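Heads up, the thing below is written out as structure tokens.
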Amino acid sequence: MGKRFGKILPALMLCAVGVIIVLVGVLYFRFITERIYEDSTGHLEEIYGQVNRSFGIFVERNWGLLDSCDDYFALAGETDDSAVAVFIEEKQDYWGFSGFYFLTEDGRCMTVDGESQIEMASARSALEALNEPVIAGEALPDGKEITVFAAPVRPGVYNGFAYDAIAVSYTNADLSDSLRVDAFSGAAKCFVIHNDGSVLLSTQSGGSVFNSYLLYLQAASDLSEQETARMQRDWQNGVSGLLQCQIGGVTHCILYQPVGYQDYIMLSVVPQSAISAGFLSVQRATVTVLVVIFLLLGAAVLTLFILRSRKRSRMDRMEVQYRERMFDVLSNSVDDIFLMLDARDQSVDYISPNIQRLLGIPVEEARENIRVMERCAVNYNVVIPREELAAIPLNGNRYRECEYMHQTTGERRWYRMTVYHMSIQEVEKYIIVLSDRTQEQQMNQKLQEALTAAQSANEAKSNFLSNMSHDIRTPMNAIVGFSMLLEKDAADPGKVREYTRKITASSQHLLSLINDVLDMSKIESGKTSLNLDVFSLPELLEELNIILLPQAKAKGQSLTVHVQGAPPEQIMGDKLRLNQILINLLSNAIKYTPEGGRIEFAVTELEPPASQYVKLRFVVRDNGIGMSEEFQKHVFAPFSREISSVTNKIQGTGLGMAITKNLVDLMGGIIQVESEPGQGSTFSVELSFALPERQEETEAWVRQKVTRMLVADDEEDICRDIQELMSGAGVDVSYVTDGAPAVELAVQAHARGGDYDVILLDWKMPGMDGVEAARQIRRRIGGDVPILVLTSYDWSDIEEEARAAGINAFMHKPFFASTFWQTIKPLFFEPAAQTEEPAAAPAENVMAGRLFLVAEDNELNAEILTEVLDMEGARCEVASNGREAVEMFQRSEPGYYDMILMDVQMPVMNGYEATRLIRASGHPRAKTIPIVAMTANTFAEDVRNSLDAGMDGHLGKPLDIDAVRELVGRLLGGAAPGEAEKSEEGEST
Amino acid sequence: MRKRHLSLLALALIFALLLPACGQQGGDGHVTLTIMGKTSDLQKSYMAAIFDRYEQATGNSLKIINYEDAAFEETAAAQFEAGNVPDIFMHFHNSDLERFDVAEHFYYLNDEPWVEDLTDGARAYCEDSEGNLLGLPYWENSISGCYYNKTILDGLGLKPATTQAEFDTLCQALADIGYTPICWPGNGCSWMIQFGLDPLFADDPEVLEKINRNEISYADIPAVEDMVRWIADAAKKGWFGSDYTRTGWDDIGPVMSSGDAVMTFIWDTWFYTDMTHEGKYDIEDFALMPVFMNTADGGTYEGGNLNMMMVNKNGSQLEAALEFLEFCATPENYNAAFDGISTVNCFKGQTTNIQSSMVTNASVSIADKMRVSTAASRIVGYSAEDMVKALEELLNGRVDVPGCVSLMDSYRLKEAGLLPEQQNE
């Protein structure tokens, strides 16, 4: 109640002020009007009092005129009419009267000209009644009305006409002019009337139509009978008076005052507006000014009010715009969506523009119909039904969780929809806030996944630790156990050797386990990088063959290598890593294939991704134990090993495949596996390699006149591959799939006088093997044609027999042109030397007598090394760190040390720095003394770092004495201890 | 007076004796005169009476050739064209008379013995612009003016006006009291306008000739615009009352007899033929004053439209025809013919007709201010209905005063066939 009163209070006050102003204005207006009436009527009385007096003077002067005429006529006598006429004419000229008349007692009259046209009945009767000068109204024959001033005179005769009165007349028109006043805007009318109302003369134009103004007033005015009677009494009594009445709807003032002659009354009739015109104009001006002032003030107040309202409205609008803009910007920068609905019809008042970004719904479309949001619904109706909205109490709210899907991207988003029902400026609205929960939801999911992963990792770690515990404890158990037995049976040399061999085997296994774990750790930590260089694919395959063939042979397995197509022999890649991949696959195949099983290794050239690349597929297929389908899914996961009765007997870290997979990924390739338990497994690796700019020239074959060759292999694919490969080099290849036809072809060619330039025979063929075929060829055509054996097997067992049968050389499968060329080149250019070269001398102990400078900070390792070298007949001097090693070397005489074995991680100075200092020192052998890294850092990077530091080789700890021996042999060759120095000095001199 | 009558009778007898010898003589020496006119005109009682009286008195015969009213002008003109001009031709002195070539066919009667007996108004009506008397007026005469209710005026202390200013004052005084000053039948009545125009053309025959020669137009005559403006002002001031546009011919009687209106512009015979006597006021309450329409300061009356008998000057019976006119103009004969007929005198010696006291009382004023009906009769192309149409456009606010005058001119020129496109046609 109080609030409403407060609202209408200003209006009430405004109304009260308005009423007061109006009341004051009315009172002021009334006061002014009364004052004006008093002043204006006074003004009227004053003016017409003056007119009345002037008329009286005029009348008196006419009486005087008539008196003077009477005197003159009396003097002139009856005989001098002409003089009278002249006298009258002079007077007329002076006075301006319209006529002069001589009147008789019987009412007749005569003019100066002697005419008698009118009867002045009114004047005559007045004269008779009053016997004194009178004023009377008469009419001329032409209708013109005149006013006559007549006076009795001494009887006389004029022109024979006896008279006793004379008169002068004025036309009423002329006389009216003397009564007319210019005041009152010419609206004033003045009448000279008798006291009975009959009109003598009027100043009004056409006023002659008024015969009796009394009757007219009675009919035309609103005067009451009493007022009329009183006015009439005043006229009768010669009393002045003032009346106000309405005539024709216009307020008039009627002023009457006696003229002073006979019963004449001077009647003035003036419109009130004309009387008060001057005052009214002042009043109007005053009122107008006041009104204008009030209006201006009102207009100013109104304008101020409007301007302030507009300004406020504009500011409100701007504020709304700013807020909307700011809210738009704000909403665009957040992932919450805001809506405002009209509670009456649920039309959209506002929707934040980010709805398009977040849900893919155009803003305009959503603004038109909020139900379009239902399209994004994932879980259930995302727009609350009308009934449910209506059920939300005012100032209450509801919320629910919603899941939306972006209309264009399909992205899922989660929101908490909160609906507030509130009143804004007395209009009920629903404000809907969609709070983005997507990140929270996704984080929860990730946390869940992470939890799962962590649990899985934890499980894997537990498994790993369990496995490692088993895998480490197993060899360690053997080492510890056999060491105990060794101590116990130290007196039995046979058992000592047996225990020592088993301890060594267990140690090797433990070492490989540690290497794999470390390698995997390094790969996973991202520290592994590729060392790209040009390498020979045939060499790689050759090395693999050399490494793995003995293992396969040991298990009675066949290991065949096929190269399909004609892949380039020189390719760019990390040979070490590729070697590691293939060894892992092949060694696994050998490991998990039972004895007598079959392992196939195939290299196939695929369509390259670009012209400067070659894409190769390496396939390792075995017919081993295979893998379950479930295990295939995580065969590449670390520490994964299929648990079975067979695998449990096979040593492994479970990291080999993980390392392989990671290396393939690192090289940008793909690795796939197909397997079936009991049927074997097939691993395929596809890798792309860049091609070096220059390849071996193929024209060399033609230049060396090798144009025809014969190939015999029971695998026709290999024959076709060789044919295809060599045809590109201009060599015509004939092939057969058995030894016997090969013999026949060779004989036939020889018979035609065109021997084959080269004959290539597979060792093992179903019919006649290669050795027998070679023997028969030599027997039938002689020993001119070079015969080579191509085999996947180790030919060492048959080498002697084969050479005896006439075979010139051996080649490992697969067939490569470059290998082939390198093999036969000595046969064409140095046939004698080849054939006459004595058999290789038995292997010499390269270690014996050597003096090594050993840099090793670990005393135990130093002691072991000292003992090992001693066993090999060598000696060593030990430096406990790199600096000490440098100093010892610098102090040594040239040739004192044969080689330096340098640990890498040492206190004071590490091996790399020590090597650099040695190489930089001024010692005569600073540049030439072999320095070999001897370190537990066995990764490829470690090898490369060692070489970069200036070392010549790398030996991993624990030391493999065979590797030491091989390296020493390679680096020092056949040089006797101390000879290296001498030969070097000789070369240098 | 008695001697005069006797001499005229003797003269008539002499004519009667002489007529057989001078006229178209039959076998018995009597002549037969042909008289051509409208059927309705020739059937008037006083015409029939004078024809009978003539034939009886003289033994001569009158061959009446009458044409239906609607076809009269065309038929008669064709007869004239064919040379069949009658001895006596009856026609009003209006613009249609022009087609009968007055100067060629008719005898000027200026010197006839009965001319002096004609009243001024009647004689003026029958004269052409050069003062030649074209015919003998023989018709019901009337005086058009402002007839007012003198009883009301007297009761209000008012007098009839003698000037335009007085008339305006009188109108305003009556309006102030609450009367309708003027009964102005604005619905289809058109005669009032010609009253105002008469002074402009009757007082200055040259103006009439110029406008008929299309040398000037109404717009060139300032008084025409003055009249139109006065009518507009009067209507605006309420002098015609508030309902004048619906006041027609039949409403004039009730309005005047009831006293609702005090004055109207009409003619005297209207009081005998159409005045309703059932109201508060009767004919005795009325009097006559001039019409004031701001074209003549002293006001104006309009004389009646008179049918006149003209004589074929080329006919073989000219003398007999002149004698016939003289017979008709003899006081005994016209008094016998117009006995009991309500008409203003055409002859000074008329005594048996009925002439209203209103006219008689205003005779001095009438003699001074009466004009021959000029505008309607003599202006070629003048159409009272067209004038009303133009005035309605003004009073309805569709044109202003100059526009109204322009419309009046347009209508007039169109009626006269003087519009440029009609000329081209």
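Ligands are numbered from 1 in the order shown, chains are lettered A, B, ... in the order of the structure tokens, and residues start at 1 in each chain.
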*Please provide the set of residues having any atom within 12 Å of Ser142 of chain B, restricted to only C-alpha atoms, with same-chain residues fewer than 2 positions apart removed, written as a ChimeraX atom specification.*
/B:121-122,139-140,144-145,266-272,301-306,341-346,353-356,358-360,366,370-373
The selected residues should be written to file as a compact mmCIF listing (two decimals), in the first residue's frame (atoms: C-alpha atoms).
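Listing of result_0.txt after writing:
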```txt
# COMPACT_ATOMS: atom_id res chain seq x y z
CA GLY B 121 -42.29 49.71 -66.57
CA ALA B 122 -44.29 48.08 -69.28
CA TRP B 139 -49.88 40.18 -70.24
CA GLU B 140 -50.08 39.71 -66.48
CA SER B 144 -40.43 41.56 -58.05
CA GLY B 145 -38.79 42.99 -54.97
CA ILE B 266 -40.31 37.37 -54.77
CA TRP B 267 -43.01 38.98 -56.87
CA ASP B 268 -46.40 40.28 -55.86
CA THR B 269 -48.55 37.75 -57.66
CA TRP B 270 -46.88 35.00 -55.66
CA PHE B 271 -48.89 36.16 -52.66
CA TYR B 272 -52.07 35.41 -54.59
CA TYR B 301 -37.26 46.08 -58.36
CA GLU B 302 -37.71 43.89 -61.40
CA GLY B 303 -40.60 44.43 -63.66
CA GLY B 304 -42.58 41.53 -65.02
CA ASN B 305 -41.82 39.55 -68.14
CA LEU B 306 -44.48 40.58 -70.54
CA ILE B 341 -57.00 39.50 -63.21
CA SER B 342 -54.30 39.93 -60.57
CA THR B 343 -51.66 41.99 -62.22
CA VAL B 344 -49.66 45.11 -61.88
CA ASN B 345 -50.84 47.70 -64.33
CA CYS B 346 -49.38 47.75 -67.81
CA ASN B 353 -57.46 44.30 -62.57
CA ILE B 354 -56.41 43.34 -59.07
CA GLN B 355 -53.22 45.11 -57.95
CA SER B 356 -51.87 44.44 -54.46
CA MET B 358 -47.98 46.18 -51.39
CA VAL B 359 -47.17 47.37 -54.88
CA THR B 360 -49.43 50.34 -54.64
CA ILE B 366 -41.00 51.22 -57.64
CA MET B 370 -37.71 49.39 -61.03
CA ARG B 371 -35.64 47.74 -63.74
CA VAL B 372 -36.87 45.76 -66.65
CA SER B 373 -36.12 42.13 -66.34
```
_Residue hits in chain B, query chain A, radius 12 Å, only C-alpha atoms, as number ranges by chain_ = B: 152-179, 237-238, 297-298, 364-365, 368-369
*Got a sec to tell me which of segment 200-409 of chain A DSSP assigns to strand (DSSP E), as number ranges by chain?*
A: 200-202, 241-247, 250-258, 265-271, 337-342, 348-351, 397-405
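Of the residues listed (B:Thr180, B:Asn84, B:Thr300, B:Asn66), B:Asn84 shows the shortest atom-to-atom separation from Asn312 of chain B; distances use only C-alpha atoms.
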*asked:* Please extract the residues of segment 57-299 of chain B with a backbone DSSP assignment of helix (DSSP H, G or I) and present them as a PyMOL selection string.
replied: chain B and resi 57-58+69-81+95-100+102-105+115-117+120-126+150-155+164-177+191-202+205-212+218-220+222-237+244-246+249-258+270-273+283-285
Shell around Arg213 of chain B at 10 Å using only C-alpha atoms, local window under 6 positions removed, as a PDB file with N, CA and C atoms, in the first residue's frame:
```
ATOM      1  N   VAL B 207     -23.146  47.667 -71.482  1.00  0.00           N
ATOM      2  CA  VAL B 207     -22.562  46.491 -70.807  1.00  0.00           C
ATOM      3  C   VAL B 207     -23.256  45.237 -71.309  1.00  0.00           C
ATOM      4  N   ILE B 379     -29.545  38.631 -71.502  1.00  0.00           N
ATOM      5  CA  ILE B 379     -28.163  38.122 -71.603  1.00  0.00           C
ATOM      6  C   ILE B 379     -28.200  36.792 -72.340  1.00  0.00           C
ATOM      7  N   VAL B 380     -27.511  36.765 -73.462  1.00  0.00           N
ATOM      8  CA  VAL B 380     -27.488  35.543 -74.271  1.00  0.00           C
ATOM      9  C   VAL B 380     -26.748  34.453 -73.504  1.00  0.00           C
ATOM     10  N   LEU B 418     -20.519  29.771 -77.090  1.00  0.00           N
ATOM     11  CA  LEU B 418     -19.373  30.642 -77.357  1.00  0.00           C
ATOM     12  C   LEU B 418     -18.065  30.121 -76.775  1.00  0.00           C
TER      13      LEU B 418
END
```
